[in-house]
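Participant: Below is one structure. I have some questions about it.
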Amino acid sequence: MSEHCCDEMTLQAGWRCDAHADVFDCPDALVYYDPRSDDYGLIVHDGGTSCREIGFCPWCGARLGRTGAPGSASRTSPSGGGRR
């Protein structure tokens, strides 16, 4: 059983790379998941820690997280050091 909506989202949301300590540094990482807020985002590989919140799974189409919360269109990593 998947921790998230489907097996592919479970794989992507839990992505870990042996070559990159930070998911935002790994070019193969696609999804950032924040378990505190239950938000999902597509990682913007621009050298920072930006991501764009998504409301539906790109693989199975299921509704994700707190979709539609005010001000939730753009997120940065929990460290707060990212760009929007």
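Residue names in the structure tokens use chain letters A, B, ... in the order shown, residue numbers from 1 in each chain, and ligand numbers from 1 in the order shown.
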Residues near Tyr32 of chain A, anyone? I mean within 12 Å using only C-alpha atoms, not counting same-chain ones fewer than 5 positions away, as a PyMOL selection string.

Facilitator: chain A and resi 9-16+22-26+37-45+49-54+74-78

Participant: Give me, as number ranges by chain, all polymer residues having an atom no more than 9 Å from Phe56 of chain A, counting only C-alpha atoms and skipping those fewer than 5 positions away in the same chain.

Facilitator: A: 40, 61-65, 67

Participant: Limited to C-alpha atoms, could you put the picked residues into a file as a PDB file, in the first residue's frame?

Facilitator:
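Output contents, as saved in result.pdb:
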ATOM      1  CA  TYR A  40       3.065  18.717  -2.589  1.00  0.00           C
ATOM      2  CA  GLY A  61      -4.792  12.288 -11.009  1.00  0.00           C
ATOM      3  CA  ALA A  62      -5.785  12.084  -7.329  1.00  0.00           C
ATOM      4  CA  ARG A  63      -6.383  15.300  -5.375  1.00  0.00           C
ATOM      5  CA  LEU A  64      -3.401  16.127  -3.161  1.00  0.00           C
ATOM      6  CA  GLY A  65      -2.932  17.744   0.244  1.00  0.00           C
ATOM      7  CA  THR A  67      -5.195  22.169  -2.282  1.00  0.00           C
TER       8      THR A  67
END

Participant: For atom CA of Cys6 of chain A and atom CA of Gly48 of chain A, quote the distance in Å rounded to one decimal.

Facilitator: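 These atoms are spaced 27.8 Å apart.
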
Participant: Have a look at atom CA of Asp18 of chain A and atom CA of Gly55 of chain A and let me know their distance in Å, one decimal.

Facilitator: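 Going from atom CA of Asp18 of chain A over to atom CA of Gly55 of chain A covers 28.9 Å.
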
Participant: One decimal, Å: what's the distance from atom CA of Glu8 of chain A over to atom CA of Asp28 of chain A, could you say?

Facilitator: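 It comes out at 13.8 Å.
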